[in-house]
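Dropping run12.cif in here (mmCIF, C-alpha atoms):
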```cif
data_target
#
loop_
_atom_site.label_atom_id
_atom_site.label_comp_id
_atom_site.auth_asym_id
_atom_site.auth_seq_id
_atom_site.Cartn_x
_atom_site.Cartn_y
_atom_site.Cartn_z
CA MET A 1 131.39 119.23 -62.16
CA THR A 2 134.21 119.44 -59.61
CA ALA A 3 132.01 121.43 -57.25
CA ARG A 4 129.13 118.94 -57.62
CA ASP A 5 131.41 115.93 -57.08
CA THR A 6 132.88 117.56 -53.99
CA HIS A 7 129.43 118.31 -52.63
CA ASP A 8 128.21 114.76 -53.30
CA GLY A 9 131.30 113.35 -51.57
CA ALA A 10 130.62 115.52 -48.53
CA ASP A 11 127.01 114.33 -48.45
CA ALA A 12 128.16 110.69 -48.58
CA THR A 13 130.57 111.21 -45.69
CA ALA A 14 127.91 112.96 -43.63
CA ALA A 15 125.54 110.06 -44.22
CA ALA A 16 128.17 107.52 -43.16
CA SER A 17 128.21 108.63 -39.54
CA ILE A 18 126.68 107.63 -36.22
CA SER A 19 125.08 109.68 -33.49
CA ASP A 20 127.43 111.28 -31.00
CA ASN A 21 125.06 109.96 -28.35
CA THR A 22 125.99 106.43 -29.42
CA ILE A 23 129.66 107.21 -28.88
CA ASP A 24 128.91 108.80 -25.50
CA GLU A 25 127.04 105.65 -24.47
CA LEU A 26 129.93 103.41 -25.52
CA ARG A 27 132.37 105.64 -23.64
CA ASP A 28 130.21 105.40 -20.51
CA GLN A 29 130.14 101.62 -20.82
CA VAL A 30 133.95 101.44 -21.06
CA VAL A 31 134.25 103.63 -17.97
CA SER A 32 131.74 101.42 -16.16
CA VAL A 33 133.65 98.21 -16.90
CA ALA A 34 136.95 99.79 -15.86
CA ARG A 35 135.53 101.06 -12.56
CA GLN A 36 133.66 97.87 -11.74
CA TYR A 37 136.49 95.53 -12.70
CA HIS A 38 137.70 95.12 -9.11
CA GLY A 39 134.30 93.72 -8.11
CA MET A 40 133.94 91.18 -10.94
CA PRO A 41 135.47 87.75 -11.49
CA ALA A 42 138.01 87.98 -14.31
CA ALA A 43 135.99 85.64 -16.52
CA LYS A 44 132.91 87.86 -16.19
CA ALA A 45 134.95 91.00 -16.83
CA TYR A 46 136.41 89.39 -19.95
CA GLU A 47 132.96 88.45 -21.22
CA VAL A 48 131.56 91.95 -20.67
CA ALA A 49 134.59 93.70 -22.19
CA ASP A 50 134.60 91.42 -25.23
CA ALA A 51 130.91 92.10 -25.94
CA LEU A 52 131.64 95.81 -25.66
CA ARG A 53 134.59 95.47 -28.04
CA LEU A 54 132.36 93.84 -30.65
CA GLU A 55 129.80 96.64 -30.37
CA ILE A 56 132.49 99.30 -30.73
CA GLU A 57 133.78 97.52 -33.85
CA ARG A 58 130.26 97.39 -35.26
CA GLN A 59 129.84 101.14 -34.79
CA ARG A 60 133.26 101.83 -36.31
CA ASP A 61 132.12 100.08 -39.48
CA ARG A 62 129.16 102.45 -39.70
CA THR A 63 131.03 105.74 -39.70
CA GLN A 64 133.55 107.43 -41.95
CA VAL A 65 133.82 110.60 -39.90
CA PRO A 66 137.50 110.91 -38.86
CA ILE A 67 136.88 112.24 -35.35
CA GLN A 68 134.38 109.46 -34.68
CA GLN A 69 136.79 106.87 -36.01
CA GLN A 70 139.51 108.30 -33.77
CA THR A 71 137.31 108.20 -30.67
CA LEU A 72 136.12 104.66 -31.36
CA MET A 73 139.68 103.46 -31.90
CA ILE A 74 140.64 104.85 -28.49
CA LEU A 75 137.64 103.12 -26.91
CA ASN A 76 138.57 99.92 -28.71
CA GLY A 77 142.08 100.21 -27.34
CA GLN A 78 140.74 100.63 -23.82
CA THR A 79 138.62 97.49 -24.13
CA ALA A 80 141.64 95.61 -25.49
CA ALA A 81 143.62 96.76 -22.44
CA LEU A 82 140.89 95.53 -20.09
CA LEU A 83 140.75 92.23 -21.95
CA ALA A 84 144.52 91.90 -21.54
CA VAL A 85 144.25 92.37 -17.78
CA ALA A 86 141.41 89.85 -17.56
CA ALA A 87 143.32 87.30 -19.64
CA PHE A 88 146.35 87.74 -17.38
CA ASP A 89 144.22 87.32 -14.27
CA LEU A 90 142.84 84.09 -15.74
CA GLY A 91 146.34 82.75 -16.46
CA TYR A 92 146.27 83.14 -20.25
CA PHE A 93 149.61 84.89 -20.60
CA PRO A 94 150.08 84.57 -24.41
CA SER A 95 146.57 85.93 -25.05
CA ALA A 96 147.11 88.69 -22.51
CA ARG A 97 150.30 89.70 -24.30
CA THR A 98 148.57 89.79 -27.70
CA LEU A 99 145.70 91.89 -26.35
CA ALA A 100 148.07 94.30 -24.59
CA ARG A 101 150.01 94.74 -27.81
CA ALA A 102 146.74 95.48 -29.63
CA ALA A 103 145.95 98.15 -27.03
CA ALA A 104 149.43 99.62 -27.53
CA VAL A 105 148.86 99.77 -31.29
CA TYR A 106 145.57 101.61 -30.81
CA GLY A 107 147.34 104.04 -28.50
CA GLU A 108 150.15 104.58 -31.00
CA SER A 109 147.80 104.94 -33.98
CA THR A 110 145.66 107.54 -32.24
CA ARG A 111 148.63 109.28 -30.55
CA PHE A 112 146.91 108.61 -27.22
CA THR A 113 150.02 108.11 -25.12
CA PRO A 114 148.28 107.26 -21.81
CA LEU A 115 146.84 104.14 -23.46
CA GLN A 116 150.21 103.31 -24.98
CA ALA A 117 151.88 103.67 -21.58
CA TYR A 118 149.24 101.58 -19.82
CA ALA A 119 149.59 98.81 -22.39
CA ASP A 120 153.39 98.82 -22.16
CA GLY A 121 153.13 98.64 -18.37
CA THR A 122 150.86 95.62 -18.72
CA LEU A 123 153.32 94.03 -21.14
CA ALA A 124 156.05 94.64 -18.56
CA TYR A 125 154.35 92.71 -15.78
CA ILE A 126 153.32 89.94 -18.16
CA ALA A 127 157.01 89.69 -19.08
CA TYR A 128 158.36 89.40 -15.55
CA HIS A 129 155.71 86.86 -14.64
CA SER A 130 156.90 84.91 -17.69
CA GLY A 131 160.55 85.09 -16.63
CA GLU A 132 161.50 87.71 -19.25
CA LEU A 133 163.04 90.11 -16.77
CA ASN A 134 165.04 92.38 -19.07
CA GLU A 135 162.08 92.67 -21.42
CA ALA A 136 159.93 93.72 -18.47
CA LEU A 137 162.31 96.49 -17.52
CA THR A 138 162.63 97.69 -21.13
CA LYS A 139 158.84 97.96 -21.49
CA ALA A 140 158.45 99.85 -18.20
CA GLN A 141 161.24 102.28 -19.05
CA ARG A 142 159.87 102.89 -22.54
CA ALA A 143 156.42 103.64 -21.12
CA LEU A 144 157.93 106.18 -18.74
CA SER A 145 159.46 108.01 -21.71
CA TYR A 146 156.08 108.93 -23.21
CA GLY A 147 154.73 112.44 -22.84
CA GLY A 148 151.25 113.39 -21.73
CA LEU A 149 151.15 111.12 -18.67
CA GLY A 150 149.65 112.11 -15.33
CA ASP A 151 151.06 111.40 -11.88
CA VAL A 152 148.98 108.23 -11.45
CA ALA A 153 150.35 106.77 -14.67
CA GLU A 154 153.93 107.48 -13.66
CA ARG A 155 153.43 106.04 -10.17
CA ARG A 156 152.10 102.83 -11.69
CA LEU A 157 155.01 102.56 -14.11
CA HIS A 158 157.63 103.24 -11.43
CA ALA A 159 156.03 100.52 -9.29
CA ILE A 160 156.17 98.09 -12.22
CA ALA A 161 159.80 99.03 -12.87
CA ALA A 162 160.55 98.46 -9.17
CA ARG A 163 159.20 94.92 -9.44
CA ALA A 164 161.26 94.29 -12.57
CA TYR A 165 164.43 95.53 -10.83
CA ALA A 166 163.59 93.38 -7.81
CA HIS A 167 163.21 90.28 -10.00
CA LEU A 168 166.61 91.10 -11.49
CA GLY A 169 168.14 91.40 -8.02
CA ASP A 170 169.04 95.08 -8.46
CA VAL A 171 168.19 96.19 -4.94
CA ALA A 172 169.37 99.81 -5.23
CA SER A 173 167.39 100.44 -8.43
CA ALA A 174 164.31 98.73 -7.02
CA GLN A 175 164.37 100.93 -3.93
CA ARG A 176 164.91 104.02 -6.06
CA ALA A 177 161.92 103.13 -8.27
CA ILE A 178 159.79 102.59 -5.16
CA GLN A 179 160.83 106.01 -3.91
CA LEU A 180 159.98 107.63 -7.24
CA SER A 181 156.52 106.07 -7.24
CA GLN A 182 155.84 107.49 -3.79
CA GLU A 183 156.77 111.07 -4.61
CA SER A 184 153.88 113.52 -4.57
CA GLY A 185 154.17 114.44 -8.22
CA ARG A 186 153.20 117.65 -9.98
CA GLU A 187 149.41 117.32 -9.87
CA ARG A 188 149.22 116.21 -13.48
CA ARG A 189 146.29 114.21 -14.85
CA ASP A 190 145.58 112.32 -18.04
CA GLU A 191 142.45 111.13 -19.84
CA LEU A 192 142.87 107.45 -19.00
CA HIS A 193 144.45 106.82 -15.61
CA ASP A 194 142.54 109.72 -14.00
CA ALA A 195 139.48 110.53 -16.13
CA VAL A 196 138.51 106.85 -16.59
CA GLY A 197 140.27 105.44 -13.55
CA GLY A 198 139.14 102.17 -12.06
CA GLU A 199 141.35 99.39 -13.39
CA PHE A 200 143.27 102.06 -15.30
CA GLY A 201 144.00 103.88 -12.06
CA PHE A 202 146.54 103.00 -9.39
CA SER A 203 145.19 103.52 -5.90
CA ALA A 204 147.40 104.11 -2.87
CA GLU A 205 146.57 100.67 -1.45
CA ARG A 206 147.38 98.98 -4.74
CA MET A 207 150.72 100.77 -4.87
CA ALA A 208 151.51 99.72 -1.29
CA MET A 209 150.68 96.10 -2.16
CA SER A 210 152.96 96.25 -5.18
CA HIS A 211 155.77 97.65 -3.06
CA SER A 212 155.32 94.91 -0.47
CA THR A 213 155.86 92.31 -3.19
CA SER A 214 158.94 94.11 -4.50
CA ALA A 215 160.33 94.29 -0.96
CA LEU A 216 159.84 90.55 -0.55
CA LEU A 217 161.71 89.91 -3.80
CA ILE A 218 164.73 91.86 -2.57
CA GLY A 219 164.58 90.18 0.84
CA ASP A 220 163.43 93.14 2.94
CA ALA A 221 160.81 91.48 5.16
CA GLU A 222 160.44 94.52 7.42
CA GLN A 223 159.59 96.87 4.55
CA ALA A 224 157.31 94.22 3.03
CA GLU A 225 155.32 93.86 6.25
CA ALA A 226 155.02 97.63 6.60
CA GLU A 227 153.79 98.12 3.03
CA ALA A 228 151.36 95.18 3.18
CA SER A 229 149.92 96.44 6.46
CA ARG A 230 149.58 99.91 4.96
CA ALA A 231 147.75 98.50 1.94
CA LEU A 232 145.24 96.74 4.19
CA THR A 233 144.73 99.83 6.32
CA LEU A 234 144.12 102.05 3.29
CA LEU A 235 141.74 99.49 1.80
CA GLY A 236 139.76 99.35 5.03
CA GLU A 237 139.16 103.10 4.84
CA ARG A 238 137.21 102.72 1.60
CA ALA A 239 133.50 102.03 1.33
CA PRO A 240 132.75 98.29 1.19
CA ASP A 241 131.76 98.37 -2.49
CA GLU A 242 135.03 100.12 -3.36
CA GLN A 243 137.28 97.55 -1.71
CA SER A 244 139.27 95.31 -4.04
CA THR A 245 139.34 91.59 -3.29
CA HIS A 246 142.57 91.36 -5.25
CA VAL A 247 144.32 93.96 -3.09
CA ARG A 248 143.03 92.49 0.19
CA ALA A 249 144.10 88.97 -0.72
CA GLY A 250 147.40 90.02 -2.27
CA ALA A 251 148.40 92.24 0.63
CA SER A 252 147.35 89.58 3.14
CA ALA A 253 149.50 87.00 1.37
CA ASP A 254 152.47 89.38 1.31
CA LEU A 255 152.00 90.12 4.99
CA ALA A 256 151.93 86.39 5.74
CA TYR A 257 155.09 85.75 3.74
CA ALA A 258 156.91 88.63 5.42
CA ARG A 259 156.03 87.13 8.81
CA LEU A 260 157.20 83.70 7.67
CA LEU A 261 160.57 85.20 6.75
CA ALA A 262 160.72 86.42 10.37
CA ASN A 263 159.82 82.86 11.54
CA ASN A 264 156.43 84.02 12.81
CA VAL A 265 154.30 81.07 11.64
CA GLU A 266 151.31 81.86 13.85
CA GLY A 267 151.31 85.46 12.65
CA ALA A 268 151.46 84.25 9.06
CA ALA A 269 148.48 81.97 9.62
CA GLU A 270 146.52 84.89 11.05
CA ALA A 271 147.43 87.13 8.11
CA LEU A 272 146.18 84.51 5.66
CA THR A 273 142.66 84.49 7.13
CA PRO A 274 141.16 86.85 4.47
CA LEU A 275 142.59 84.65 1.72
CA TRP A 276 140.29 81.71 2.45
CA ASP A 277 137.20 83.86 1.90
CA VAL A 278 138.09 84.70 -1.70
CA PRO A 279 135.61 82.91 -4.03
CA ALA A 280 137.28 80.43 -6.38
CA GLU A 281 136.36 82.43 -9.50
CA GLU A 282 138.09 85.54 -8.07
CA ARG A 283 141.41 83.83 -7.32
CA ASN A 284 143.34 85.52 -10.09
CA THR A 285 146.95 85.13 -11.13
CA GLY A 286 148.35 87.71 -8.71
CA ILE A 287 146.69 86.04 -5.73
CA VAL A 288 147.65 82.53 -6.85
CA VAL A 289 151.30 83.50 -7.41
CA ARG A 290 151.55 84.90 -3.89
CA ALA A 291 149.79 81.93 -2.30
CA ALA A 292 151.93 79.42 -4.21
CA ARG A 293 155.10 81.20 -3.06
CA ILE A 294 154.01 80.75 0.56
CA GLY A 295 153.28 77.08 -0.06
CA ARG A 296 156.78 76.55 -1.45
CA HIS A 297 158.32 78.28 1.54
CA LEU A 298 156.34 76.12 3.97
CA ALA A 299 157.61 73.01 2.20
CA ARG A 300 161.16 73.69 3.43
CA PRO A 301 162.74 71.11 5.78
CA GLN A 302 162.60 73.46 8.76
CA PHE A 303 158.79 73.17 8.79
CA HIS A 304 158.55 69.39 8.40
CA GLY A 305 156.62 67.72 11.19
CA SER A 306 154.96 70.95 12.35
CA HIS A 307 151.17 70.99 12.42
CA VAL A 308 150.41 74.60 11.45
CA PRO A 309 152.77 74.73 8.42
CA ARG A 310 151.39 71.42 7.17
CA GLU A 311 147.80 72.61 7.52
CA LEU A 312 148.61 75.86 5.72
CA ARG A 313 150.33 74.00 2.87
CA GLU A 314 147.28 71.79 2.40
CA ARG A 315 144.90 74.75 2.42
CA ILE A 316 147.06 76.65 -0.07
CA GLU A 317 147.25 73.63 -2.36
CA GLU A 318 143.47 73.35 -2.41
CA PHE A 319 143.07 77.13 -2.71
CA THR A 320 145.23 77.31 -5.83
CA ARG A 321 144.01 74.03 -7.36
CA VAL A 322 140.48 75.36 -7.93
CA SER A 323 141.58 78.83 -9.12
CA PRO A 324 141.05 79.91 -12.75
CA PRO A 325 144.81 80.06 -13.56
CA TYR A 326 145.13 76.39 -12.63
CA ARG A 327 141.82 75.22 -14.06
CA LEU A 328 141.80 77.30 -17.24
CA GLY A 329 145.28 78.58 -17.95
CA PRO A 330 147.64 76.81 -20.36
CA ALA A 331 150.61 74.86 -19.03
CA VAL A 332 153.40 77.35 -19.75
CA PRO A 333 152.04 80.16 -17.54
CA LEU A 334 151.58 77.68 -14.70
CA LEU A 335 155.26 76.79 -14.92
CA ALA A 336 156.03 80.49 -14.63
CA ILE A 337 153.72 80.80 -11.64
CA GLU A 338 155.41 77.90 -9.89
CA SER A 339 158.97 78.93 -10.72
#
```
Could you take the file, read its structure, and then write that structure out as structure tokens?
Amino acid sequence: MTARDTHDGADATAAASISDNTIDELRDQVVSVARQYHGMPAAKAYEVADALRLEIERQRDRTQVPIQQQTLMILNGQTAALLAVAAFDLGYFPSARTLARAAAVYGESTRFTPLQAYADGTLAYIAYHSGELNEALTKAQRALSYGGLGDVAERRLHAIAARAYAHLGDVASAQRAIQLSQESGRERRDELHDAVGGEFGFSAERMAMSHSTSALLIGDAEQAEAEASRALTLLGERAPDEQSTHVRAGASADLAYARLLANNVEGAAEALTPLWDVPAEERNTGIVVRAARIGRHLARPQFHGSHVPRELRERIEEFTRVSPPYRLGPAVPLLAIES
């Protein structure tokens, strides 16, 4: 009887499974969304990722095979991470935080530390954009403590930590974190930041853009201009369909702000030229934050009565007013953006 019951139980488990081809197709779809994210409006990316999440959940309900459950949980965590990024880009900070935490839980439950680290890094930058600076640093440092991370993952986390230090005014630590992120590494890879890549990756131009923002926060206009220029140069070397609108606009805004700090208003106006071509639906939180910072700087008394600063302020006001974070995002994140 024991033998028969065991055999029947095995048969039931075998029946409650799905084709490995189905899992392969879902994996390919997750990779596709991650790699195409830079070319999609955040709202569209959210819609696609959410539909994919629902399909992954549906397939999870159809299988009792442990390895299939494990794989689908990892895929579910990756979609949650993409949803978190999209929600952040749209200005929905509380939802972004909840989704990033869900991704972290999937990473923890499956012992897939690259996902856990990515999610904690996302939680870190949500925190410093929300004014929770110590929380941001704690999350970034915790993510760096995980094992199994590749060089790309560590570069991303050091860059996030650098921004957190910069927000805190710790110049020495910010510069040290920037230096760590630029080190060549040990040629390590992981199954998320490298194998999937795309939005889970951290390209050289994206790192340079991040460093330009950190340099601005610590008041180093010269370093900020150099890093922003480098980001734009690196981006220009990519094929047109591989170029990120977010990086181009963000680096251009950082370059403009660095020039403003050097009292080069005409140079700042020139640097902002690519910004005006960004479609309204692609003006995500990172771009809006940078543009709004320039608008605040141009509102200073020293620019009153000057034609070019006034024109730039008006264009920035209109640029941000029609962006998703202002049209769709709740009030609290907008206060953080404007602070």
> When the PyMOL selection byres ((chain A and resi 305-312) around 8) is applied to the file above, which residues end up in the set, as a list of chain:residue names?
Replying inline: A:Val265, A:Glu266, A:Ala269, A:Gly295, A:Leu298, A:Phe303, A:His304, A:Arg313, A:Glu314, A:Arg315, A:Ile316
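Computed from the coordinates, the atom CA of A:Ala117 to atom CA of A:Leu234 distance equals 26.1 Å.
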> Selected by the PyMOL selection byres ((chain A and resi 92-95) around 9) in the shown coordinates: which residues, as a list in words?
Replying inline: Ala84, Ala86, Ala87, Phe88, Asp89, Leu90, Gly91, Ala96, Arg97, Thr98, Leu99, Ala100, Ile126, Ala127, His129, Ser130, Pro325, Leu328, Gly329, Pro330, Val332 and Pro333 of chain A
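For the pair atom CA of A:Gln182 and atom CA of A:Arg155, the separation is 7.0 Å.
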Might you pull out every residue within 9 Å of A:Ala291, with only C-alpha atoms counted and same-chain residues fewer than 4 positions away left off, and present them as a PDB file with C-alpha atoms, in the frame of the given file?
```pdb
ATOM      1  CA  GLY A 250     147.400  90.020  -2.270  1.00  0.00           C
ATOM      2  CA  ALA A 253     149.500  87.000   1.370  1.00  0.00           C
ATOM      3  CA  ASP A 254     152.470  89.380   1.310  1.00  0.00           C
ATOM      4  CA  TYR A 257     155.090  85.750   3.740  1.00  0.00           C
ATOM      5  CA  LEU A 275     142.590  84.650   1.720  1.00  0.00           C
ATOM      6  CA  GLY A 286     148.350  87.710  -8.710  1.00  0.00           C
ATOM      7  CA  ILE A 287     146.690  86.040  -5.730  1.00  0.00           C
ATOM      8  CA  GLY A 295     153.280  77.080  -0.060  1.00  0.00           C
ATOM      9  CA  ARG A 296     156.780  76.550  -1.450  1.00  0.00           C
ATOM     10  CA  ILE A 316     147.060  76.650  -0.070  1.00  0.00           C
ATOM     11  CA  GLU A 317     147.250  73.630  -2.360  1.00  0.00           C
ATOM     12  CA  PHE A 319     143.070  77.130  -2.710  1.00  0.00           C
ATOM     13  CA  THR A 320     145.230  77.310  -5.830  1.00  0.00           C
TER      14      THR A 320
END
```
>> I want to know what sits within 8 Å of stretch 24-35 of chain A, based on all atoms listed in the file, with residues of the same chain fewer than 2 positions away left out; could you give that as an NGL selection string?
In response: :A and (20-22 or 37-38 or 45 or 48-49 or 52 or 56 or 75 or 78-79 or 82 or 196-200)
>> Taking (157.3, 106.4, -19.6) in the coordinates of the supplied file, I want to know which residues reach to within 9 Å of it, counting only C-alpha atoms; could you give the answer as a ChimeraX atom specification?
In response: /A:117,120-121,139-147,149,153-154,157-158
Got a sec: who's within 9 Å of A:Gln223, counting only C-alpha atoms, leaving out chain neighbours fewer than 5 positions off, as a PDB file with C-alpha atoms, in the coordinates of the input?
```pdb
ATOM      1  CA  HIS A 211     155.770  97.650  -3.060  1.00  0.00           C
ATOM      2  CA  SER A 212     155.320  94.910  -0.470  1.00  0.00           C
ATOM      3  CA  ALA A 215     160.330  94.290  -0.960  1.00  0.00           C
ATOM      4  CA  LEU A 216     159.840  90.550  -0.550  1.00  0.00           C
ATOM      5  CA  ALA A 228     151.360  95.180   3.180  1.00  0.00           C
ATOM      6  CA  ALA A 258     156.910  88.630   5.420  1.00  0.00           C
TER       7      ALA A 258
END
```
> On this structure, which residues satisfy the PyMOL selection byres ((chain A and resi 60) around 10), written as an MDAnalysis selection string?
Replying inline: chainID A and resid 17:18 23 54:59 61:65 68:73 76
Could those residues be written to a file, using C-alpha atoms, as a PDB file, keeping the file's coordinate frame?
```
ATOM      1  CA  SER A  17     128.210 108.630 -39.540  1.00  0.00           C
ATOM      2  CA  ILE A  18     126.680 107.630 -36.220  1.00  0.00           C
ATOM      3  CA  ILE A  23     129.660 107.210 -28.880  1.00  0.00           C
ATOM      4  CA  LEU A  54     132.360  93.840 -30.650  1.00  0.00           C
ATOM      5  CA  GLU A  55     129.800  96.640 -30.370  1.00  0.00           C
ATOM      6  CA  ILE A  56     132.490  99.300 -30.730  1.00  0.00           C
ATOM      7  CA  GLU A  57     133.780  97.520 -33.850  1.00  0.00           C
ATOM      8  CA  ARG A  58     130.260  97.390 -35.260  1.00  0.00           C
ATOM      9  CA  GLN A  59     129.840 101.140 -34.790  1.00  0.00           C
ATOM     10  CA  ASP A  61     132.120 100.080 -39.480  1.00  0.00           C
ATOM     11  CA  ARG A  62     129.160 102.450 -39.700  1.00  0.00           C
ATOM     12  CA  THR A  63     131.030 105.740 -39.700  1.00  0.00           C
ATOM     13  CA  GLN A  64     133.550 107.430 -41.950  1.00  0.00           C
ATOM     14  CA  VAL A  65     133.820 110.600 -39.900  1.00  0.00           C
ATOM     15  CA  GLN A  68     134.380 109.460 -34.680  1.00  0.00           C
ATOM     16  CA  GLN A  69     136.790 106.870 -36.010  1.00  0.00           C
ATOM     17  CA  GLN A  70     139.510 108.300 -33.770  1.00  0.00           C
ATOM     18  CA  THR A  71     137.310 108.200 -30.670  1.00  0.00           C
ATOM     19  CA  LEU A  72     136.120 104.660 -31.360  1.00  0.00           C
ATOM     20  CA  MET A  73     139.680 103.460 -31.900  1.00  0.00           C
ATOM     21  CA  ASN A  76     138.570  99.920 -28.710  1.00  0.00           C
TER      22      ASN A  76
END
```
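Here atom CA of A:Asp151 is placed at a distance of 10.3 Å from atom CA of A:Gly201.
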> What lies within 10 Å of A:Gly39 using all atoms listed in the file, ignoring chain neighbours under 3 positions off, as a list in words?
Replying inline: Val33, Arg35, Gln36, Ala42, Ala45, Asp241, Glu242, Gln243, Ser244, Thr245, His246 and Glu282 of chain A
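The smallest atom-to-atom distance between A:Ala124 and any of A:Arg101, A:Pro279, A:Phe112, A:Asn264, using all atoms listed in the file, is found for A:Arg101.
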> Using all atoms listed in the file, which residue out of A:Ile294, A:Pro114, A:Ile160, A:Ala166 lies closest to A:Asp194?
Replying inline: A:Pro114
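Using only C-alpha atoms, the shortest contact distance between A:Leu232 and any of A:Glu270, A:Glu132, A:Asp220, A:Glu205 is found at A:Glu205.
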